[in-house]
$ cat my_file28.cif   # mmCIF, C-alpha atoms
data_work
loop_
_atom_site.label_atom_id
_atom_site.label_comp_id
_atom_site.auth_asym_id
_atom_site.auth_seq_id
_atom_site.Cartn_x
_atom_site.Cartn_y
_atom_site.Cartn_z
CA MET A 1159 3.47 110.37 10.56
CA LYS A 1160 3.79 108.77 13.97
CA LYS A 1161 0.27 107.46 13.62
CA GLN A 1162 1.05 105.91 10.26
CA ALA A 1163 4.27 104.40 11.57
CA GLY A 1164 2.37 102.84 14.46
CA GLN A 1165 -0.17 101.33 12.11
CA ARG A 1166 2.60 99.86 9.98
CA ARG A 1167 4.21 98.25 13.07
CA ARG A 1168 0.86 96.71 14.13
CA ARG A 1169 0.31 95.21 10.62
CA PHE A 1170 3.85 93.78 10.71
CA TRP A 1171 3.33 91.99 14.02
CA VAL A 1172 -0.05 90.74 12.90
CA LEU A 1173 1.59 89.19 9.80
CA ILE A 1174 4.41 87.74 11.88
CA GLY A 1175 1.92 86.27 14.37
CA GLY A 1176 -0.09 84.71 11.56
CA ALA A 1177 3.00 83.19 10.05
CA LEU A 1178 3.99 81.79 13.41
CA THR A 1179 0.53 80.35 13.91
CA LEU A 1180 0.65 78.62 10.52
CA SER A 1181 4.12 77.36 11.26
CA LEU A 1182 3.12 75.95 14.65
CA SER A 1183 0.02 74.35 13.18
CA ALA A 1184 2.07 72.68 10.49
CA CYS A 1185 4.38 71.24 13.15
CA GLY A 1186 1.53 70.07 15.32
CA GLY A 1187 1.62 72.96 17.68
CA GLY A 1188 -1.92 74.17 17.19
CA SER A 1189 -4.93 73.00 19.16
CA SER A 1190 -4.90 70.05 21.55
CA THR A 1191 -6.67 67.89 18.92
CA THR A 1192 -3.99 68.60 16.37
CA ALA A 1193 -1.26 67.88 18.88
CA SER A 1194 -2.84 64.54 19.78
CA THR A 1195 -2.97 63.57 16.13
CA ALA A 1196 0.64 64.49 15.67
CA GLN A 1197 1.68 62.37 18.64
CA THR A 1198 -0.10 59.36 17.14
CA VAL A 1199 1.82 59.74 13.93
CA THR A 1200 5.11 60.33 15.72
CA THR A 1201 4.84 57.27 18.00
CA ALA A 1202 3.75 54.82 15.23
CA PRO A 1203 6.33 52.15 14.23
CA THR A 1204 8.72 53.47 11.66
CA THR A 1205 9.82 50.02 10.36
CA THR A 1206 7.84 47.77 7.97
CA THR A 1207 7.73 43.95 7.84
CA ALA A 1208 8.20 42.32 4.44
CA PRO A 1209 5.29 40.03 3.44
CA THR A 1210 6.03 36.36 4.12
CA THR A 1211 5.45 33.68 1.50
CA PRO A 1212 4.20 30.35 2.96
CA THR A 1213 6.80 27.67 2.42
CA ASP A 1214 5.77 24.30 0.99
CA THR A 1215 8.38 21.62 1.59
CA PHE A 1216 6.60 19.27 -0.85
CA THR A 1217 6.79 21.22 -4.09
CA ALA A 1218 8.48 18.38 -5.99
CA LEU A 1219 6.06 15.78 -4.59
CA ARG A 1220 3.02 17.85 -5.51
CA ALA A 1221 4.37 18.45 -9.01
CA ALA A 1222 5.01 14.75 -9.65
CA THR A 1223 2.10 13.10 -7.82
CA THR A 1224 -1.46 13.61 -6.62
CA ILE A 1225 -0.47 13.00 -2.98
CA ASP A 1226 -1.46 15.63 -0.44
CA PRO A 1227 0.93 15.35 2.55
CA ALA A 1228 -1.57 17.25 4.69
CA ALA A 1229 -4.29 14.65 4.06
CA LEU A 1230 -2.61 11.26 3.89
CA ALA A 1231 -4.52 8.10 3.10
CA ASN A 1232 -5.26 5.90 6.10
CA TYR A 1233 -3.09 2.80 6.06
CA ALA A 1234 -2.38 2.37 9.77
CA THR A 1235 -5.92 2.06 11.12
CA PRO A 1236 -8.19 0.55 8.45
CA THR A 1237 -11.74 -0.41 9.35
CA LEU A 1238 -11.79 -4.21 9.37
CA PRO A 1239 -14.62 -6.70 10.02
CA ALA A 1240 -15.12 -8.01 13.55
CA TYR A 1241 -13.66 -11.38 12.61
CA TYR A 1242 -10.26 -9.75 12.02
CA ASP A 1243 -9.73 -10.18 15.73
CA ALA A 1244 -6.97 -11.54 17.93
CA THR A 1245 -7.33 -14.98 16.37
CA VAL A 1246 -6.50 -13.57 12.95
CA GLY A 1247 -3.88 -11.33 14.53
CA GLN A 1248 -1.89 -14.41 15.48
CA GLN A 1249 -1.08 -14.78 11.79
CA ASP A 1250 0.19 -11.20 11.43
CA ASN A 1251 3.83 -11.03 10.29
CA ILE A 1252 4.48 -7.30 10.86
CA PRO A 1253 7.83 -6.95 12.67
CA GLY A 1254 8.16 -4.69 15.69
CA ASN A 1255 10.38 -2.22 13.87
CA ASN A 1256 8.05 -1.68 10.92
CA GLN A 1257 4.56 -1.13 12.24
CA THR A 1258 2.11 0.19 9.66
CA ASN A 1259 2.56 3.93 9.34
CA ASP A 1260 0.77 6.33 7.00
CA ARG A 1261 3.93 8.22 6.05
CA LEU A 1262 5.97 5.09 5.42
CA ALA A 1263 3.20 3.46 3.42
CA THR A 1264 2.80 6.64 1.34
CA LEU A 1265 6.50 6.55 0.53
CA GLY A 1266 6.14 2.85 -0.27
CA ARG A 1267 3.26 3.60 -2.63
CA VAL A 1268 5.39 6.05 -4.61
CA LEU A 1269 8.27 3.58 -4.76
CA PHE A 1270 5.93 0.76 -5.80
CA TYR A 1271 4.76 2.67 -8.89
CA ASP A 1272 8.01 4.43 -9.78
CA LYS A 1273 9.84 3.22 -12.89
CA GLN A 1274 12.94 4.98 -11.59
CA LEU A 1275 13.55 1.75 -9.66
CA SER A 1276 14.48 -0.08 -12.87
CA LEU A 1277 17.77 0.42 -14.63
CA ASN A 1278 16.37 2.00 -17.79
CA ARG A 1279 13.24 3.42 -16.16
CA THR A 1280 10.83 1.11 -17.98
CA VAL A 1281 9.22 -1.02 -15.25
CA ALA A 1282 8.09 -0.65 -11.65
CA CYS A 1283 6.90 -3.09 -9.01
CA ALA A 1284 3.39 -2.34 -10.22
CA SER A 1285 4.28 -3.51 -13.73
CA CYS A 1286 4.21 -7.12 -12.51
CA HIS A 1287 1.74 -6.65 -9.64
CA GLN A 1288 -1.19 -4.83 -11.20
CA GLN A 1289 -3.96 -3.52 -8.98
CA SER A 1290 -6.73 -4.32 -11.47
CA ALA A 1291 -5.60 -7.96 -11.48
CA GLY A 1292 -5.51 -8.28 -7.69
CA PHE A 1293 -1.82 -7.26 -7.73
CA ASP A 1294 -1.07 -10.22 -9.97
CA ASP A 1295 0.38 -10.20 -13.49
CA PRO A 1296 -2.06 -11.04 -16.32
CA ARG A 1297 0.87 -12.59 -18.18
CA ARG A 1298 2.23 -16.02 -17.35
CA PHE A 1299 5.75 -14.62 -16.97
CA SER A 1300 6.54 -10.97 -16.39
CA ILE A 1301 8.50 -8.88 -18.87
CA GLY A 1302 11.83 -7.65 -17.53
CA PHE A 1303 13.26 -4.15 -17.82
CA SER A 1304 14.85 -4.87 -21.22
CA GLY A 1305 11.46 -5.59 -22.77
CA SER A 1306 12.72 -8.78 -24.36
CA THR A 1307 13.39 -11.13 -21.45
CA PHE A 1308 10.94 -12.81 -19.10
CA THR A 1309 10.98 -13.93 -15.50
CA SER A 1310 11.16 -17.62 -14.69
CA ALA A 1311 8.22 -17.62 -12.26
CA HIS A 1312 4.72 -16.20 -12.29
CA ALA A 1313 4.20 -13.08 -10.18
CA MET A 1314 1.91 -13.80 -7.25
CA ARG A 1315 -0.98 -11.79 -5.83
CA LEU A 1316 -0.08 -9.52 -2.90
CA GLY A 1317 -3.40 -9.21 -1.05
CA ASN A 1318 -3.21 -10.32 2.59
CA ILE A 1319 0.53 -11.10 2.58
CA ARG A 1320 0.43 -9.63 6.07
CA TYR A 1321 -1.32 -12.78 7.31
CA TRP A 1322 1.17 -15.37 6.11
CA ARG A 1323 2.69 -15.97 9.54
CA PRO A 1324 6.20 -17.09 8.54
CA GLY A 1325 6.49 -13.87 6.55
CA SER A 1326 8.76 -15.44 3.94
CA MET A 1327 8.29 -14.39 0.33
CA PHE A 1328 8.48 -15.82 -3.18
CA TRP A 1329 7.16 -19.22 -4.20
CA ASP A 1330 10.28 -20.91 -2.86
CA ARG A 1331 10.31 -18.79 0.35
CA ARG A 1332 13.87 -17.61 -0.34
CA ALA A 1333 13.32 -14.17 1.23
CA ALA A 1334 12.82 -14.40 4.98
CA SER A 1335 10.50 -11.38 5.20
CA VAL A 1336 8.50 -8.92 3.13
CA GLU A 1337 11.23 -6.37 3.84
CA LEU A 1338 14.03 -8.56 2.50
CA GLN A 1339 11.94 -9.46 -0.54
CA VAL A 1340 12.08 -5.85 -1.72
CA SER A 1341 15.71 -5.98 -2.84
CA HIS A 1342 15.40 -9.15 -4.93
CA PRO A 1343 13.53 -7.83 -8.01
CA ILE A 1344 15.51 -4.57 -7.95
CA THR A 1345 18.86 -6.38 -8.11
CA ASN A 1346 17.67 -9.11 -10.47
CA ALA A 1347 19.44 -9.03 -13.82
CA ILE A 1348 16.16 -9.69 -15.66
CA GLU A 1349 13.51 -7.95 -13.59
CA MET A 1350 14.72 -4.42 -12.77
CA GLY A 1351 18.37 -4.60 -13.69
CA PHE A 1352 20.33 -3.15 -10.77
CA ASP A 1353 22.48 -6.25 -10.43
CA ALA A 1354 26.15 -6.14 -9.35
CA SER A 1355 27.33 -5.34 -12.86
CA ASN A 1356 25.14 -2.23 -12.86
CA GLY A 1357 26.08 -0.96 -9.42
CA GLY A 1358 23.49 -2.80 -7.35
CA ILE A 1359 21.33 -1.07 -4.77
CA THR A 1360 24.02 1.59 -4.30
CA ALA A 1361 23.50 2.80 -7.87
CA LEU A 1362 19.75 2.98 -7.35
CA ILE A 1363 20.16 4.94 -4.12
CA THR A 1364 22.43 7.43 -5.88
CA ARG A 1365 19.72 7.94 -8.50
CA LEU A 1366 16.92 8.37 -5.98
CA GLN A 1367 18.88 10.84 -3.86
CA ALA A 1368 18.94 13.23 -6.81
CA ILE A 1369 15.14 13.20 -7.15
CA GLY A 1370 13.40 16.03 -5.33
CA TYR A 1371 10.27 14.18 -4.28
CA TYR A 1372 12.34 11.46 -2.60
CA GLN A 1373 14.30 14.04 -0.64
CA GLU A 1374 10.94 15.33 0.57
CA LEU A 1375 9.34 11.92 1.21
CA PHE A 1376 12.25 10.34 3.05
CA THR A 1377 12.47 13.40 5.29
CA PHE A 1378 8.71 13.15 5.83
CA ALA A 1379 8.88 9.45 6.72
CA PHE A 1380 12.20 9.19 8.53
CA GLY A 1381 13.11 12.71 9.66
CA ASP A 1382 15.93 13.23 7.16
CA SER A 1383 16.51 12.69 3.46
CA THR A 1384 19.04 9.88 3.76
CA ILE A 1385 18.14 6.92 1.54
CA THR A 1386 19.31 3.46 2.54
CA GLU A 1387 18.43 -0.06 1.47
CA ASP A 1388 16.82 -0.69 4.86
CA ARG A 1389 14.58 2.36 4.46
CA LEU A 1390 13.59 1.31 0.95
CA GLN A 1391 12.70 -2.14 2.27
CA ARG A 1392 10.69 -0.84 5.21
CA ALA A 1393 8.68 1.60 3.10
CA LEU A 1394 7.75 -0.86 0.37
CA ALA A 1395 6.93 -3.61 2.87
CA ASN A 1396 4.76 -1.16 4.81
CA PHE A 1397 2.74 -0.40 1.70
CA GLU A 1398 2.42 -4.02 0.59
CA ARG A 1399 1.24 -5.26 3.99
CA ALA A 1400 -1.49 -2.62 3.94
CA MET A 1401 -3.11 -4.44 1.01
CA ILE A 1402 -5.73 -6.18 3.12
CA SER A 1403 -8.65 -7.86 1.38
CA SER A 1404 -11.80 -7.92 3.51
CA ALA A 1405 -14.65 -6.80 1.24
CA SER A 1406 -15.44 -9.72 -1.07
CA ARG A 1407 -18.94 -11.19 -1.36
CA TRP A 1408 -17.78 -13.91 0.99
CA ASP A 1409 -16.70 -11.32 3.56
CA THR A 1410 -20.03 -9.51 3.36
CA ALA A 1411 -21.94 -12.74 3.92
CA TYR A 1412 -19.64 -14.13 6.60
CA ALA A 1413 -19.84 -10.91 8.60
CA GLN A 1414 -23.55 -11.67 9.10
CA VAL A 1415 -23.00 -15.11 10.61
CA PHE A 1416 -19.64 -14.74 12.35
CA SER A 1417 -19.49 -15.53 16.03
CA ALA A 1418 -16.24 -15.95 17.92
CA ALA A 1419 -18.10 -18.29 20.30
CA ALA A 1420 -19.65 -20.46 17.57
CA PRO A 1421 -18.13 -23.79 16.58
CA ASN A 1422 -15.45 -23.12 13.95
CA ARG A 1423 -16.25 -19.39 14.37
CA GLY A 1424 -19.28 -19.90 12.11
CA LEU A 1425 -17.13 -20.56 9.06
CA ASP A 1426 -19.31 -23.47 7.93
CA THR A 1427 -22.62 -21.74 8.68
CA PRO A 1428 -24.71 -21.33 5.49
CA LEU A 1429 -24.09 -17.88 4.03
CA PRO A 1430 -26.89 -15.42 3.27
CA GLY A 1431 -27.12 -14.35 -0.37
CA PHE A 1432 -25.22 -17.34 -1.73
CA SER A 1433 -26.73 -19.41 -4.51
CA ALA A 1434 -27.17 -23.14 -4.00
CA VAL A 1435 -24.09 -23.82 -6.12
CA GLU A 1436 -21.97 -21.27 -4.25
CA GLU A 1437 -23.12 -22.65 -0.90
CA ARG A 1438 -22.28 -26.18 -1.98
CA GLY A 1439 -18.79 -24.96 -2.89
CA HIS A 1440 -18.58 -23.14 0.44
CA GLN A 1441 -19.35 -26.30 2.37
CA LEU A 1442 -16.90 -28.37 0.33
CA PHE A 1443 -14.16 -25.82 0.95
CA MET A 1444 -14.72 -25.49 4.71
CA THR A 1445 -15.56 -29.10 5.61
CA PRO A 1446 -12.68 -31.50 6.42
CA ARG A 1447 -12.19 -34.52 4.18
CA ALA A 1448 -13.05 -36.81 7.07
CA ASN A 1449 -16.50 -35.22 7.15
CA GLY A 1450 -17.15 -35.44 3.45
CA GLY A 1451 -15.68 -32.15 2.30
CA ALA A 1452 -12.65 -31.23 0.20
CA GLY A 1453 -10.79 -29.83 3.22
CA CYS A 1454 -9.39 -26.80 1.36
CA ALA A 1455 -9.61 -24.55 4.44
CA ALA A 1456 -7.01 -26.67 6.24
CA CYS A 1457 -4.31 -25.11 4.03
CA HIS A 1458 -5.99 -21.90 2.81
CA VAL A 1459 -7.12 -20.48 6.13
CA PRO A 1460 -10.17 -18.18 6.28
CA PRO A 1461 -10.94 -15.36 6.76
CA THR A 1462 -7.71 -14.18 5.10
CA PHE A 1463 -7.40 -17.32 2.94
CA ALA A 1464 -3.63 -17.05 3.36
CA LEU A 1465 -1.61 -20.24 3.45
CA ALA A 1466 -1.34 -22.14 6.73
CA ALA A 1467 2.01 -21.56 8.39
CA ASN A 1468 2.92 -25.24 8.47
CA SER A 1469 2.11 -26.04 4.85
CA GLN A 1470 4.51 -28.13 2.77
CA SER A 1471 4.70 -29.02 -0.93
CA ASN A 1472 1.47 -29.34 -2.91
CA GLY A 1473 2.67 -32.26 -5.04
CA LEU A 1474 2.66 -30.37 -8.28
CA ASP A 1475 5.50 -32.52 -9.63
CA ALA A 1476 6.61 -36.02 -8.71
CA GLY A 1477 9.53 -36.19 -6.29
CA GLU A 1478 9.28 -32.51 -5.39
CA THR A 1479 11.66 -31.48 -2.61
CA ARG A 1480 10.92 -27.76 -2.57
CA ILE A 1481 8.47 -26.37 -0.02
CA PHE A 1482 6.40 -23.77 -1.78
CA LYS A 1483 4.26 -20.97 -0.47
CA SER A 1484 1.22 -19.64 -2.25
CA PRO A 1485 -0.61 -16.32 -2.10
CA SER A 1486 -3.94 -15.76 -0.40
CA LEU A 1487 -6.87 -17.01 -2.44
CA LYS A 1488 -8.49 -13.59 -2.28
CA ASN A 1489 -9.00 -12.32 -5.84
CA ILE A 1490 -7.96 -15.67 -7.30
CA GLY A 1491 -10.82 -15.25 -9.76
CA LEU A 1492 -8.94 -12.31 -11.33
CA SER A 1493 -5.80 -14.33 -12.03
CA LYS A 1494 -5.10 -15.69 -15.48
CA PHE A 1495 -2.33 -18.14 -14.53
CA PHE A 1496 -1.80 -20.34 -11.49
CA MET A 1497 1.04 -22.14 -9.68
CA HIS A 1498 4.65 -20.97 -9.46
CA ASP A 1499 5.23 -21.53 -13.17
CA GLY A 1500 1.77 -20.48 -14.33
CA ARG A 1501 1.15 -23.89 -15.87
CA PHE A 1502 -2.62 -23.72 -15.32
CA SER A 1503 -4.70 -21.05 -17.00
CA THR A 1504 -8.14 -21.74 -15.49
CA LEU A 1505 -9.53 -22.37 -12.03
CA ALA A 1506 -11.09 -25.55 -13.39
CA GLU A 1507 -7.59 -26.89 -14.11
CA VAL A 1508 -6.45 -26.01 -10.58
CA ILE A 1509 -9.41 -27.84 -9.05
CA GLU A 1510 -8.87 -30.82 -11.33
CA PHE A 1511 -5.25 -31.02 -10.14
CA TYR A 1512 -6.22 -31.05 -6.45
CA ASP A 1513 -8.96 -33.56 -7.20
CA ASN A 1514 -6.83 -36.23 -8.82
CA GLY A 1515 -3.43 -34.85 -9.91
CA VAL A 1516 -1.39 -34.50 -6.69
CA GLN A 1517 1.89 -36.41 -7.02
CA ALA A 1518 4.07 -38.11 -4.42
CA GLY A 1519 7.30 -36.60 -3.17
CA PRO A 1520 9.37 -36.22 0.00
CA ALA A 1521 8.04 -32.72 0.71
CA LEU A 1522 4.34 -33.48 0.08
CA ASP A 1523 2.03 -31.98 2.70
CA ASN A 1524 0.35 -34.68 4.81
CA ARG A 1525 -3.02 -33.02 4.26
CA LEU A 1526 -2.69 -34.05 0.62
CA THR A 1527 -2.04 -37.72 1.36
CA GLY A 1528 -4.46 -40.56 1.80
CA ALA A 1529 -4.62 -43.20 4.54
CA ASN A 1530 -1.97 -45.30 2.81
CA GLY A 1531 0.46 -42.39 2.47
CA ALA A 1532 -0.18 -42.06 -1.24
CA PRO A 1533 -1.42 -38.76 -2.71
CA ARG A 1534 -5.09 -38.31 -1.95
CA ARG A 1535 -7.82 -38.48 -4.55
CA LEU A 1536 -10.99 -36.51 -3.88
CA ASN A 1537 -12.90 -37.92 -6.85
CA LEU A 1538 -15.29 -34.97 -6.90
CA SER A 1539 -18.26 -35.01 -9.22
CA PRO A 1540 -18.33 -32.48 -12.08
CA ALA A 1541 -21.04 -30.64 -10.17
CA ASP A 1542 -18.90 -30.38 -7.04
CA LYS A 1543 -15.91 -29.15 -9.04
CA ALA A 1544 -18.11 -26.46 -10.56
CA ALA A 1545 -19.40 -25.60 -7.08
CA LEU A 1546 -15.87 -25.12 -5.74
CA GLU A 1547 -15.07 -22.81 -8.63
CA ALA A 1548 -18.24 -20.81 -7.98
CA PHE A 1549 -17.25 -20.43 -4.34
CA LEU A 1550 -13.72 -19.27 -5.19
CA LEU A 1551 -15.20 -16.53 -7.34
CA THR A 1552 -17.01 -15.13 -4.27
CA LEU A 1553 -13.54 -14.25 -2.91
CA THR A 1554 -13.13 -11.50 -5.51
CA ASP A 1555 -12.62 -8.18 -3.74
CA THR A 1556 -13.15 -5.26 -6.11
CA ASN A 1557 -12.61 -2.81 -3.25
CA LEU A 1558 -8.94 -3.73 -3.16
CA THR A 1559 -8.63 -3.55 -6.94
CA SER A 1560 -10.11 -0.04 -7.06
CA ASP A 1561 -9.01 1.48 -3.73
CA PRO A 1562 -7.27 4.82 -4.50
CA ARG A 1563 -4.92 4.25 -1.55
CA PHE A 1564 -3.23 1.57 -3.66
CA SER A 1565 -3.45 3.23 -7.06
CA ASN A 1566 -0.78 4.89 -9.15
CA PRO A 1567 0.00 8.26 -7.47
CA PHE A 1568 1.93 9.79 -10.38
CA ARG A 1569 0.41 12.48 -12.54
#

$ encode --input "my_file28.cif" --output "structure tokens"
Amino acid sequence: MKKQAGQRRRRFWVLIGGALTLSLSACGGGSSTTASTAQTVTTAPTTTTAPTTPTDTFTALRAATTIDPAALANYATPTLPAYYDATVGQQDNIPGNNQTNDRLATLGRVLFYDKQLSLNRTVACASCHQQSAGFDDPRRFSIGFSGSTFTSAHAMRLGNIRYWRPGSMFWDRRAASVELQVSHPITNAIEMGFDASNGGITALITRLQAIGYYQELFTFAFGDSTITEDRLQRALANFERAMISSASRWDTAYAQVFSAAAPNRGLDTPLPGFSAVEERGHQLFMTPRANGGAGCAACHVPPTFALAANSQSNGLDAGETRIFKSPSLKNIGLSKFFMHDGRFSTLAEVIEFYDNGVQAGPALDNRLTGANGAPRRLNLSPADKAALEAFLLTLTDTNLTSDPRFSNPFR
């Protein structure tokens, strides 16, 4: 009996020991390897971090437009020909507080094409200044926001407005700068409709502040989403001044003969690739009247072909007292109407006017007068008139008319 009792006690302690061993193993108390593993688990972080979703502050802009804020178009540092040097820079009208900036110009591009800027959301700046037409209007007079009224003047081309040194805008120069020009069509009762009776610029700003992509773009360009008239003006002017034309057939040819040290910077050097008729027109355009040319370059200054800063009236009407400005001649071949009132519909008519139609008046430019003070008469031959027209067509710049930087950004 004692023997059996002893055996039972030994089996009991063996079972207890086994249970303890299993219990210690389960708690990590077994071998050193098991203990090490348990320590790793015990010391691991017990908190978890929620996955982060990348934030895109341009969701509204991306939904409405094709613009990628991370890959902006280059407006500030375009590649220009060598002849766009300091001499040309003297004609630059960019003010110190509105230097060309990719973000500002991008905002300006959106504003330029946005019909939200008209009272009933039917027209934009681009409605009257169409890229395919050299930022001109194919119509003689532009259609206003109502769809039934027309402007009183022909919309002018915008290429190279940066190089009109006085900087004033409109045919009659009534806006002192490109910036100040911006507000005129917006607040015009015919053009875009935000005149005083419809709340003026303040009403437009209220509308734009409620649009998500403008909250994003103004913050992007200015650091906060506040919209002001000054900011609207600066952005649109920034975009418009970036419309530089430097890739016409004339530019390509002139780049091959340009020399800053050459007489007249090589402007009257025969151009490679030009036909005989085009070259004849080139020489007529560049050569002063005193030397047998038409003297056109005295007022329409190459290489930008913007108007000379000191130009006066062109004698379009007798007794004219107004001093007009005109756009650069770049892409003139794409225009359908000419002069402030669009009275001419062909380049041949324009050339005919300057040949023998200039009229006297108190504001007539002295470059358009003869030795006796009367309006000059060039008396060009039909062949020379045709040559001048052929030359003007070499100023067509299809790069500007197709450049995606200046195209409609809306989806």

$ closest_atom_pairs --input "my_file28.cif" --of "range 1224-1279 of chain A" --to "range 1288-1307 of chain A" --cutoff "12 Å" --atoms "only C-alpha atoms" --output "Markdown table"
| residue | atom | partner | partner_atom | distance |
| --- | --- | --- | --- | --- |
| A:Arg1267 | CA | A:Gln1289 | CA | 12.0 |
| A:Phe1270 | CA | A:Gln1288 | CA | 10.5 |
| A:Tyr1271 | CA | A:Gln1288 | CA | 9.8 |
| A:Lys1273 | CA | A:Phe1303 | CA | 9.5 |
| A:Gln1274 | CA | A:Phe1303 | CA | 11.1 |
| A:Leu1275 | CA | A:Phe1303 | CA | 10.1 |
| A:Ser1276 | CA | A:Phe1303 | CA | 6.5 |
| A:Leu1277 | CA | A:Phe1303 | CA | 7.2 |
| A:Asn1278 | CA | A:Phe1303 | CA | 6.9 |
| A:Arg1279 | CA | A:Phe1303 | CA | 7.7 |

$ residues_around --input "my_file28.cif" --residues "range 1375-1392 of chain A" --least-positions-apart "2" --cutoff "7 Å" --atoms "all atoms listed in the file" --output "ChimeraX atom specification"
/A:1256,1261-1262,1265,1337-1338,1340,1359,1363,1367,1371-1373,1394-1396

$ resolve_selection --input "my_file28.cif" --expression "the PyMOL selection byres ((chain A and resi 1446-1459) around 12)" --output "ChimeraX atom specification"
/A:1245-1246,1249,1318,1321-1323,1422,1425-1426,1438-1445,1460-1472,1483-1488,1509,1512-1514,1523-1529,1534-1539,1542-1543,1545-1546,1549-1550

$ atom_distance --input "my_file28.cif" --atom1 "CA of Ala1518 in chain A" --atom2 "CA of Lys1494 in chain A"
26.6 Å

$ closest_residue --input "my_file28.cif" --among "A:Asn1489, A:Ser1406, A:Asn1251, A:Ser1433" --to "Ala1334 in chain A" --atoms "only C-alpha atoms"
A:Asn1251

$ closest_residue --input "my_file28.cif" --among "A:Asp1475, A:Asp1272, A:Glu1374, A:Glu1349" --to "Pro1227 in chain A" --atoms "only C-alpha atoms"
A:Glu1374

$ atom_distance --input "my_file28.cif" --atom1 "CA of Glu1437 in chain A" --atom2 "CA of Gln1414 in chain A"
14.9 Å
